[in-house]
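The file input_35.cif contains mmCIF, C-alpha atoms:
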data_query
#
loop_
_atom_site.group_PDB
_atom_site.id
_atom_site.type_symbol
_atom_site.label_atom_id
_atom_site.label_comp_id
_atom_site.auth_asym_id
_atom_site.auth_seq_id
_atom_site.Cartn_x
_atom_site.Cartn_y
_atom_site.Cartn_z
ATOM 1 C CA MET A 1 0.000 0.000 0.000
ATOM 2 C CA SER A 2 1.363 3.403 -0.962
ATOM 3 C CA PRO A 3 0.913 6.618 1.044
ATOM 4 C CA ASP A 4 -1.597 7.733 -1.576
ATOM 5 C CA ASP A 5 -3.840 4.827 -0.585
ATOM 6 C CA VAL A 6 -4.149 6.052 3.021
ATOM 7 C CA SER A 7 -6.360 8.961 4.086
ATOM 8 C CA PHE A 8 -6.052 10.638 7.466
ATOM 9 C CA ASP A 9 -9.176 12.014 9.168
ATOM 10 C CA LEU A 10 -7.470 13.256 12.303
ATOM 11 C CA LEU A 11 -9.946 16.082 12.878
ATOM 12 C CA HIS A 12 -12.741 13.620 13.635
ATOM 13 C CA PRO A 13 -11.877 11.304 16.538
ATOM 14 C CA ARG A 14 -13.678 8.035 17.085
ATOM 15 C CA PRO A 15 -16.641 8.230 19.464
ATOM 16 C CA LEU A 16 -15.826 7.290 23.036
ATOM 17 C CA LEU A 17 -17.447 4.848 25.420
ATOM 18 C CA ILE A 18 -17.090 6.542 28.807
ATOM 19 C CA VAL A 19 -17.748 4.228 31.743
ATOM 20 C CA ILE A 20 -18.695 5.903 35.042
ATOM 21 C CA SER A 21 -18.204 3.591 38.006
ATOM 22 C CA GLY A 22 -17.586 3.593 41.733
ATOM 23 C CA THR A 23 -18.917 2.146 44.938
ATOM 24 C CA SER A 24 -22.554 2.358 45.981
ATOM 25 C CA GLY A 25 -23.616 5.823 47.128
ATOM 26 C CA VAL A 26 -20.594 7.618 45.693
ATOM 27 C CA GLY A 27 -22.690 9.848 43.441
ATOM 28 C CA LYS A 28 -22.576 8.162 40.013
ATOM 29 C CA ASP A 29 -26.157 9.195 39.253
ATOM 30 C CA SER A 30 -25.436 12.768 40.346
ATOM 31 C CA VAL A 31 -22.474 12.967 37.972
ATOM 32 C CA ILE A 32 -24.616 11.574 35.140
ATOM 33 C CA ARG A 33 -27.329 14.164 35.818
ATOM 34 C CA GLY A 34 -24.664 16.864 35.838
ATOM 35 C CA LEU A 35 -23.440 15.751 32.409
ATOM 36 C CA LYS A 36 -27.008 15.863 31.092
ATOM 37 C CA ARG A 37 -27.414 19.439 32.348
ATOM 38 C CA ARG A 38 -24.415 20.482 30.248
ATOM 39 C CA ARG A 39 -26.314 19.363 27.115
ATOM 40 C CA LEU A 40 -23.184 17.798 25.669
ATOM 41 C CA PRO A 41 -23.432 15.684 22.490
ATOM 42 C CA LEU A 42 -23.504 12.470 24.515
ATOM 43 C CA HIS A 43 -25.767 9.464 24.621
ATOM 44 C CA VAL A 44 -26.304 8.389 28.230
ATOM 45 C CA VAL A 45 -27.180 4.700 28.406
ATOM 46 C CA ILE A 46 -30.269 3.989 30.493
ATOM 47 C CA THR A 47 -29.518 1.075 32.805
ATOM 48 C CA ALA A 48 -32.117 -1.620 33.414
ATOM 49 C CA THR A 49 -32.679 -2.749 36.999
ATOM 50 C CA THR A 50 -35.039 -4.863 39.072
ATOM 51 C CA ARG A 51 -34.821 -2.621 42.126
ATOM 52 C CA ALA A 52 -37.712 -0.342 43.028
ATOM 53 C CA PRO A 53 -37.452 3.296 41.897
ATOM 54 C CA ARG A 54 -36.467 5.896 44.451
ATOM 55 C CA GLU A 55 -38.736 8.877 45.028
ATOM 56 C CA GLU A 56 -37.223 11.179 42.382
ATOM 57 C CA GLU A 57 -36.581 8.519 39.719
ATOM 58 C CA GLN A 58 -38.652 7.980 36.579
ATOM 59 C CA ASN A 59 -38.914 4.852 34.450
ATOM 60 C CA GLY A 60 -37.274 5.348 31.057
ATOM 61 C CA ARG A 61 -35.444 8.468 32.191
ATOM 62 C CA ASP A 62 -33.234 7.365 35.088
ATOM 63 C CA TYR A 63 -33.531 3.568 34.710
ATOM 64 C CA PHE A 64 -35.648 0.943 33.037
ATOM 65 C CA PHE A 65 -37.412 -0.602 36.035
ATOM 66 C CA LEU A 66 -38.151 -4.236 35.174
ATOM 67 C CA THR A 67 -39.562 -7.183 37.048
ATOM 68 C CA ARG A 68 -37.128 -10.043 37.607
ATOM 69 C CA GLU A 69 -39.019 -12.117 35.046
ATOM 70 C CA GLU A 70 -38.778 -9.326 32.437
ATOM 71 C CA PHE A 71 -35.071 -8.922 33.153
ATOM 72 C CA GLU A 72 -34.373 -12.642 32.843
ATOM 73 C CA ASP A 73 -36.278 -12.763 29.537
ATOM 74 C CA ARG A 74 -33.995 -10.029 28.193
ATOM 75 C CA ILE A 75 -30.938 -11.947 29.325
ATOM 76 C CA GLU A 76 -32.149 -14.892 27.238
ATOM 77 C CA GLU A 77 -32.650 -12.558 24.269
ATOM 78 C CA GLY A 78 -29.040 -11.290 24.510
ATOM 79 C CA TRP A 79 -30.316 -7.775 25.217
ATOM 80 C CA PHE A 80 -27.506 -6.825 27.609
ATOM 81 C CA ALA A 81 -23.855 -6.005 26.951
ATOM 82 C CA GLU A 82 -23.290 -6.801 30.634
ATOM 83 C CA HIS A 83 -25.505 -7.681 33.571
ATOM 84 C CA ALA A 84 -24.928 -8.679 37.156
ATOM 85 C CA VAL A 85 -26.510 -9.167 40.544
ATOM 86 C CA VAL A 86 -25.894 -5.992 42.544
ATOM 87 C CA TYR A 87 -26.961 -6.122 46.211
ATOM 88 C CA SER A 88 -29.676 -8.724 45.440
ATOM 89 C CA ASP A 89 -31.026 -6.753 42.458
ATOM 90 C CA LEU A 90 -30.272 -7.331 38.778
ATOM 91 C CA LYS A 91 -28.731 -4.531 36.719
ATOM 92 C CA GLY A 92 -27.759 -4.491 33.067
ATOM 93 C CA ILE A 93 -26.601 -2.284 30.185
ATOM 94 C CA PRO A 94 -28.703 -2.614 26.997
ATOM 95 C CA ARG A 95 -26.311 -3.566 24.194
ATOM 96 C CA HIS A 96 -28.197 -1.768 21.420
ATOM 97 C CA GLN A 97 -27.900 1.598 23.162
ATOM 98 C CA ILE A 98 -24.115 1.401 23.081
ATOM 99 C CA GLU A 99 -23.806 0.014 19.552
ATOM 100 C CA GLU A 100 -26.303 2.364 17.913
ATOM 101 C CA ALA A 101 -24.907 5.511 19.533
ATOM 102 C CA LEU A 102 -21.293 4.634 18.697
ATOM 103 C CA ALA A 103 -22.296 3.832 15.111
ATOM 104 C CA SER A 104 -23.915 7.268 14.824
ATOM 105 C CA GLY A 105 -20.673 8.927 15.942
ATOM 106 C CA LYS A 106 -21.882 9.950 19.404
ATOM 107 C CA ASP A 107 -19.905 9.531 22.590
ATOM 108 C CA VAL A 108 -21.617 7.104 24.965
ATOM 109 C CA VAL A 109 -21.733 7.296 28.764
ATOM 110 C CA ALA A 110 -22.557 4.153 30.758
ATOM 111 C CA ARG A 111 -22.999 3.931 34.527
ATOM 112 C CA VAL A 112 -22.038 0.579 36.043
ATOM 113 C CA ASP A 113 -20.603 -0.991 39.186
ATOM 114 C CA VAL A 114 -16.991 -2.158 39.314
ATOM 115 C CA GLN A 115 -17.878 -5.654 38.129
ATOM 116 C CA GLY A 116 -19.701 -4.174 35.137
ATOM 117 C CA ALA A 117 -16.777 -1.884 34.327
ATOM 118 C CA LYS A 118 -14.487 -4.898 34.143
ATOM 119 C CA THR A 119 -16.889 -6.646 31.758
ATOM 120 C CA LEU A 120 -17.200 -3.584 29.497
ATOM 121 C CA ARG A 121 -13.422 -3.185 29.381
ATOM 122 C CA GLY A 122 -13.236 -6.736 28.025
ATOM 123 C CA LEU A 123 -15.912 -6.066 25.396
ATOM 124 C CA TYR A 124 -14.712 -2.576 24.455
ATOM 125 C CA PRO A 125 -10.944 -2.334 25.060
ATOM 126 C CA GLN A 126 -10.861 1.342 24.035
ATOM 127 C CA ALA A 127 -13.455 2.322 26.668
ATOM 128 C CA VAL A 128 -12.475 5.113 29.051
ATOM 129 C CA LEU A 129 -13.039 3.971 32.634
ATOM 130 C CA ILE A 130 -13.596 6.621 35.326
ATOM 131 C CA PHE A 131 -13.790 5.723 39.021
ATOM 132 C CA ILE A 132 -15.770 8.153 41.206
ATOM 133 C CA VAL A 133 -14.672 8.500 44.837
ATOM 134 C CA PRO A 134 -16.059 10.605 47.722
ATOM 135 C CA GLY A 135 -14.098 13.243 49.564
ATOM 136 C CA SER A 136 -13.756 10.925 52.574
ATOM 137 C CA PHE A 137 -15.088 7.679 54.020
ATOM 138 C CA ASP A 138 -17.221 9.540 56.586
ATOM 139 C CA GLU A 139 -18.782 11.689 53.875
ATOM 140 C CA TRP A 140 -19.579 8.611 51.797
ATOM 141 C CA TYR A 141 -21.127 6.748 54.742
ATOM 142 C CA GLN A 142 -23.313 9.752 55.593
ATOM 143 C CA ARG A 143 -24.598 9.800 52.011
ATOM 144 C CA LEU A 144 -25.627 6.168 52.306
ATOM 145 C CA THR A 145 -27.418 6.656 55.619
ATOM 146 C CA ARG A 146 -29.193 9.829 54.418
ATOM 147 C CA ARG A 147 -30.767 7.916 51.539
ATOM 148 C CA GLY A 148 -32.696 5.833 54.050
ATOM 149 C CA THR A 149 -33.046 2.963 51.587
ATOM 150 C CA GLU A 150 -30.813 0.428 53.338
ATOM 151 C CA SER A 151 -31.115 -1.423 56.608
ATOM 152 C CA GLU A 152 -28.211 -1.613 59.051
ATOM 153 C CA ALA A 153 -27.354 -5.065 57.684
ATOM 154 C CA ASP A 154 -27.452 -3.722 54.112
ATOM 155 C CA LEU A 155 -25.116 -0.871 55.068
ATOM 156 C CA LYS A 156 -22.588 -3.331 56.464
ATOM 157 C CA VAL A 157 -22.677 -5.308 53.203
ATOM 158 C CA ARG A 158 -22.176 -2.138 51.159
ATOM 159 C CA VAL A 159 -19.211 -1.047 53.269
ATOM 160 C CA SER A 160 -17.609 -4.483 52.946
ATOM 161 C CA THR A 161 -18.228 -4.555 49.199
ATOM 162 C CA ALA A 162 -16.868 -1.039 48.760
ATOM 163 C CA ARG A 163 -13.597 -2.000 50.444
ATOM 164 C CA GLU A 164 -13.170 -4.830 47.938
ATOM 165 C CA GLU A 165 -14.148 -2.671 44.965
ATOM 166 C CA VAL A 166 -11.600 0.003 45.820
ATOM 167 C CA LYS A 167 -8.879 -2.642 45.584
ATOM 168 C CA GLN A 168 -9.669 -2.905 41.849
ATOM 169 C CA ILE A 169 -8.939 0.747 41.161
ATOM 170 C CA GLY A 170 -6.033 -0.259 38.919
ATOM 171 C CA LEU A 171 -8.595 -1.341 36.326
ATOM 172 C CA PHE A 172 -9.557 2.297 35.757
ATOM 173 C CA ASP A 173 -7.987 5.061 33.682
ATOM 174 C CA TYR A 174 -9.005 8.032 35.843
ATOM 175 C CA VAL A 175 -10.196 8.863 39.360
ATOM 176 C CA VAL A 176 -12.600 11.769 39.965
ATOM 177 C CA VAL A 177 -13.361 13.058 43.454
ATOM 178 C CA ASN A 178 -17.040 13.863 44.079
ATOM 179 C CA SER A 179 -16.914 15.798 47.335
ATOM 180 C CA GLU A 180 -19.981 16.905 49.230
ATOM 181 C CA ASP A 181 -21.617 19.954 47.588
ATOM 182 C CA GLN A 182 -18.949 19.959 44.846
ATOM 183 C CA ILE A 183 -20.808 18.037 42.144
ATOM 184 C CA GLU A 184 -20.127 20.633 39.428
ATOM 185 C CA ARG A 185 -16.401 20.326 40.040
ATOM 186 C CA ALA A 186 -16.660 16.554 39.598
ATOM 187 C CA VAL A 187 -18.631 17.037 36.373
ATOM 188 C CA ASP A 188 -16.005 19.537 35.165
ATOM 189 C CA ASP A 189 -13.340 16.884 35.741
ATOM 190 C CA VAL A 190 -15.273 14.269 33.746
ATOM 191 C CA VAL A 191 -15.760 16.734 30.862
ATOM 192 C CA SER A 192 -12.017 17.489 30.932
ATOM 193 C CA ILE A 193 -11.253 13.768 30.720
ATOM 194 C CA ILE A 194 -13.555 13.394 27.713
ATOM 195 C CA ASN A 195 -11.896 16.344 25.966
ATOM 196 C CA THR A 196 -8.437 14.980 26.722
ATOM 197 C CA GLU A 197 -9.322 11.518 25.413
ATOM 198 C CA HIS A 198 -10.587 13.023 22.170
ATOM 199 C CA MET A 199 -7.073 14.351 21.598
ATOM 200 C CA ALA A 200 -5.426 10.977 22.240
ATOM 201 C CA VAL A 201 -3.852 9.320 19.223
ATOM 202 C CA GLN A 202 -5.619 5.990 19.787
ATOM 203 C CA HIS A 203 -9.019 7.673 19.396
ATOM 204 C CA ARG A 204 -8.193 9.395 16.092
ATOM 205 C CA ARG A 205 -9.373 7.971 12.807
ATOM 206 C CA ILE A 206 -6.580 6.768 10.544
ATOM 207 C CA LEU A 207 -8.201 5.266 7.467
#

Can you present the structure in this file as structure tokens?
Amino acid sequence: MSPDDVSFDLLHPRPLLIVISGTSGVGKDSVIRGLKRRRLPLHVVITATTRAPREEEQNGRDYFFLTREEFEDRIEEGWFAEHAVVYSDLKGIPRHQIEEALASGKDVVARVDVQGAKTLRGLYPQAVLIFIVPGSFDEWYQRLTRRGTESEADLKVRVSTAREEVKQIGLFDYVVVNSEDQIERAVDDVVSIINTEHMAVQHRRIL
């Protein structure tokens, strides 16, 4: 192949799959909502879950709230890019949302737990993995207790699980701190990461 046979489209980087992850209660949903408020050209994947909606959540906007039977039917249909049991509930990322948005040239943002991030990294090696952390352990624990959705036993499980999840931080490309009352700063950091990744050589089109 001669140089004349190769065209370079370096001004148009490949669309990114941005994976937002972190322990329970760290503020993943808050970061996602912050990205939506910026009205960036992103497709935010709507996660499916069998857990009950919280007071402010709407079906089809925040999550797809499915019965366990509905969820299991979709597993059989191959509907999910990844799915897992998360604190006794099922959660999954619809495959078509990722594939269709990437094919259209849009960046895609997916919110998953650490186990899901590992699965997506295997399926999409070029994915950008971002781990959200709180300002401190005490701050994080207070967030969990303020939600009022977990029993004391559930809280103990979440703390134990979080300690194990943090040990897998080496899987991720970036860490973003989401401190109390500093959500816009955390969103700024995620936007900066996206902009930086768009300038990376591996995300440029070389055709």

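You will find CA of Gln126 in chain A at 21.9 Å from CA of Asp188 in chain A.
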
### Message
Residue by residue, what does the PyMOL selection byres ((chain A and resi 70-73) around 12) grab here? Present the result as a VMD selection string.
### Response
chain A and resid 47 to 51 64 to 69 74 to 80 83 to 85 89 to 94

### Query
Which residue, A:Ile169, A:Leu35, A:Val26, A:Val44, has the smallest gap to Val190 in chain A when you use all atoms listed in the file?
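Of the candidates, the smallest distance to Val190 in chain A is held by A:Leu35.
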
### Query
Quick one: of A:Thr23, A:Pro13, A:Arg111, A:Val133, who's nearest to Ser160 in chain A, counting all atoms listed in the file?
A:Thr23

### Task
Excluding Asn178 in chain A and any residue of its chain fewer than 3 positions from it, enumerate the residues within 6 Å of it, using all atoms listed in the file, and give them as number ranges by chain.
A: 133-134, 183, 186

### Message
Just checking: using all atoms listed in the file, which residue out of A:Ile46, A:Val166, A:Val177, A:Asp62 ends up closest to Ala110 in chain A?
### Response
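Of A:Ile46, A:Val166, A:Val177, A:Asp62, the one nearest Ala110 in chain A is A:Ile46, counting all atoms listed in the file.
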
### Query
Care to translate the PyMOL selection byres ((chain A and resi 130) around 12) into actual residues of this file, as an MDAnalysis selection string?
chainID A and resid 17:23 28 31 109:114 117:118 121 127:129 131:133 169:178 186:187 189:194 197

Listed atoms of range 55-64 of chain A boxed axis-aligned with 5 Å per side, centre + edges as JSON:
{"center_x": -36.1, "center_y": 6.1, "center_z": 38.0, "size_x": 15.7, "size_y": 20.2, "size_z": 24.0}

Quick test: take range 60-133 of chain A, keep C-alpha atoms, and write it as an mmCIF file, in the first residue's frame.
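Output file part-v9.cif is given in full below:
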data_model
loop_
_atom_site.group_PDB
_atom_site.id
_atom_site.type_symbol
_atom_site.label_atom_id
_atom_site.label_comp_id
_atom_site.auth_asym_id
_atom_site.auth_seq_id
_atom_site.Cartn_x
_atom_site.Cartn_y
_atom_site.Cartn_z
ATOM 1 C CA GLY A 60 -37.274 5.348 31.057
ATOM 2 C CA ARG A 61 -35.444 8.468 32.191
ATOM 3 C CA ASP A 62 -33.234 7.365 35.088
ATOM 4 C CA TYR A 63 -33.531 3.568 34.710
ATOM 5 C CA PHE A 64 -35.648 0.943 33.037
ATOM 6 C CA PHE A 65 -37.412 -0.602 36.035
ATOM 7 C CA LEU A 66 -38.151 -4.236 35.174
ATOM 8 C CA THR A 67 -39.562 -7.183 37.048
ATOM 9 C CA ARG A 68 -37.128 -10.043 37.607
ATOM 10 C CA GLU A 69 -39.019 -12.117 35.046
ATOM 11 C CA GLU A 70 -38.778 -9.326 32.437
ATOM 12 C CA PHE A 71 -35.071 -8.922 33.153
ATOM 13 C CA GLU A 72 -34.373 -12.642 32.843
ATOM 14 C CA ASP A 73 -36.278 -12.763 29.537
ATOM 15 C CA ARG A 74 -33.995 -10.029 28.193
ATOM 16 C CA ILE A 75 -30.938 -11.947 29.325
ATOM 17 C CA GLU A 76 -32.149 -14.892 27.238
ATOM 18 C CA GLU A 77 -32.650 -12.558 24.269
ATOM 19 C CA GLY A 78 -29.040 -11.290 24.510
ATOM 20 C CA TRP A 79 -30.316 -7.775 25.217
ATOM 21 C CA PHE A 80 -27.506 -6.825 27.609
ATOM 22 C CA ALA A 81 -23.855 -6.005 26.951
ATOM 23 C CA GLU A 82 -23.290 -6.801 30.634
ATOM 24 C CA HIS A 83 -25.505 -7.681 33.571
ATOM 25 C CA ALA A 84 -24.928 -8.679 37.156
ATOM 26 C CA VAL A 85 -26.510 -9.167 40.544
ATOM 27 C CA VAL A 86 -25.894 -5.992 42.544
ATOM 28 C CA TYR A 87 -26.961 -6.122 46.211
ATOM 29 C CA SER A 88 -29.676 -8.724 45.440
ATOM 30 C CA ASP A 89 -31.026 -6.753 42.458
ATOM 31 C CA LEU A 90 -30.272 -7.331 38.778
ATOM 32 C CA LYS A 91 -28.731 -4.531 36.719
ATOM 33 C CA GLY A 92 -27.759 -4.491 33.067
ATOM 34 C CA ILE A 93 -26.601 -2.284 30.185
ATOM 35 C CA PRO A 94 -28.703 -2.614 26.997
ATOM 36 C CA ARG A 95 -26.311 -3.566 24.194
ATOM 37 C CA HIS A 96 -28.197 -1.768 21.420
ATOM 38 C CA GLN A 97 -27.900 1.598 23.162
ATOM 39 C CA ILE A 98 -24.115 1.401 23.081
ATOM 40 C CA GLU A 99 -23.806 0.014 19.552
ATOM 41 C CA GLU A 100 -26.303 2.364 17.913
ATOM 42 C CA ALA A 101 -24.907 5.511 19.533
ATOM 43 C CA LEU A 102 -21.293 4.634 18.697
ATOM 44 C CA ALA A 103 -22.296 3.832 15.111
ATOM 45 C CA SER A 104 -23.915 7.268 14.824
ATOM 46 C CA GLY A 105 -20.673 8.927 15.942
ATOM 47 C CA LYS A 106 -21.882 9.950 19.404
ATOM 48 C CA ASP A 107 -19.905 9.531 22.590
ATOM 49 C CA VAL A 108 -21.617 7.104 24.965
ATOM 50 C CA VAL A 109 -21.733 7.296 28.764
ATOM 51 C CA ALA A 110 -22.557 4.153 30.758
ATOM 52 C CA ARG A 111 -22.999 3.931 34.527
ATOM 53 C CA VAL A 112 -22.038 0.579 36.043
ATOM 54 C CA ASP A 113 -20.603 -0.991 39.186
ATOM 55 C CA VAL A 114 -16.991 -2.158 39.314
ATOM 56 C CA GLN A 115 -17.878 -5.654 38.129
ATOM 57 C CA GLY A 116 -19.701 -4.174 35.137
ATOM 58 C CA ALA A 117 -16.777 -1.884 34.327
ATOM 59 C CA LYS A 118 -14.487 -4.898 34.143
ATOM 60 C CA THR A 119 -16.889 -6.646 31.758
ATOM 61 C CA LEU A 120 -17.200 -3.584 29.497
ATOM 62 C CA ARG A 121 -13.422 -3.185 29.381
ATOM 63 C CA GLY A 122 -13.236 -6.736 28.025
ATOM 64 C CA LEU A 123 -15.912 -6.066 25.396
ATOM 65 C CA TYR A 124 -14.712 -2.576 24.455
ATOM 66 C CA PRO A 125 -10.944 -2.334 25.060
ATOM 67 C CA GLN A 126 -10.861 1.342 24.035
ATOM 68 C CA ALA A 127 -13.455 2.322 26.668
ATOM 69 C CA VAL A 128 -12.475 5.113 29.051
ATOM 70 C CA LEU A 129 -13.039 3.971 32.634
ATOM 71 C CA ILE A 130 -13.596 6.621 35.326
ATOM 72 C CA PHE A 131 -13.790 5.723 39.021
ATOM 73 C CA ILE A 132 -15.770 8.153 41.206
ATOM 74 C CA VAL A 133 -14.672 8.500 44.837
#
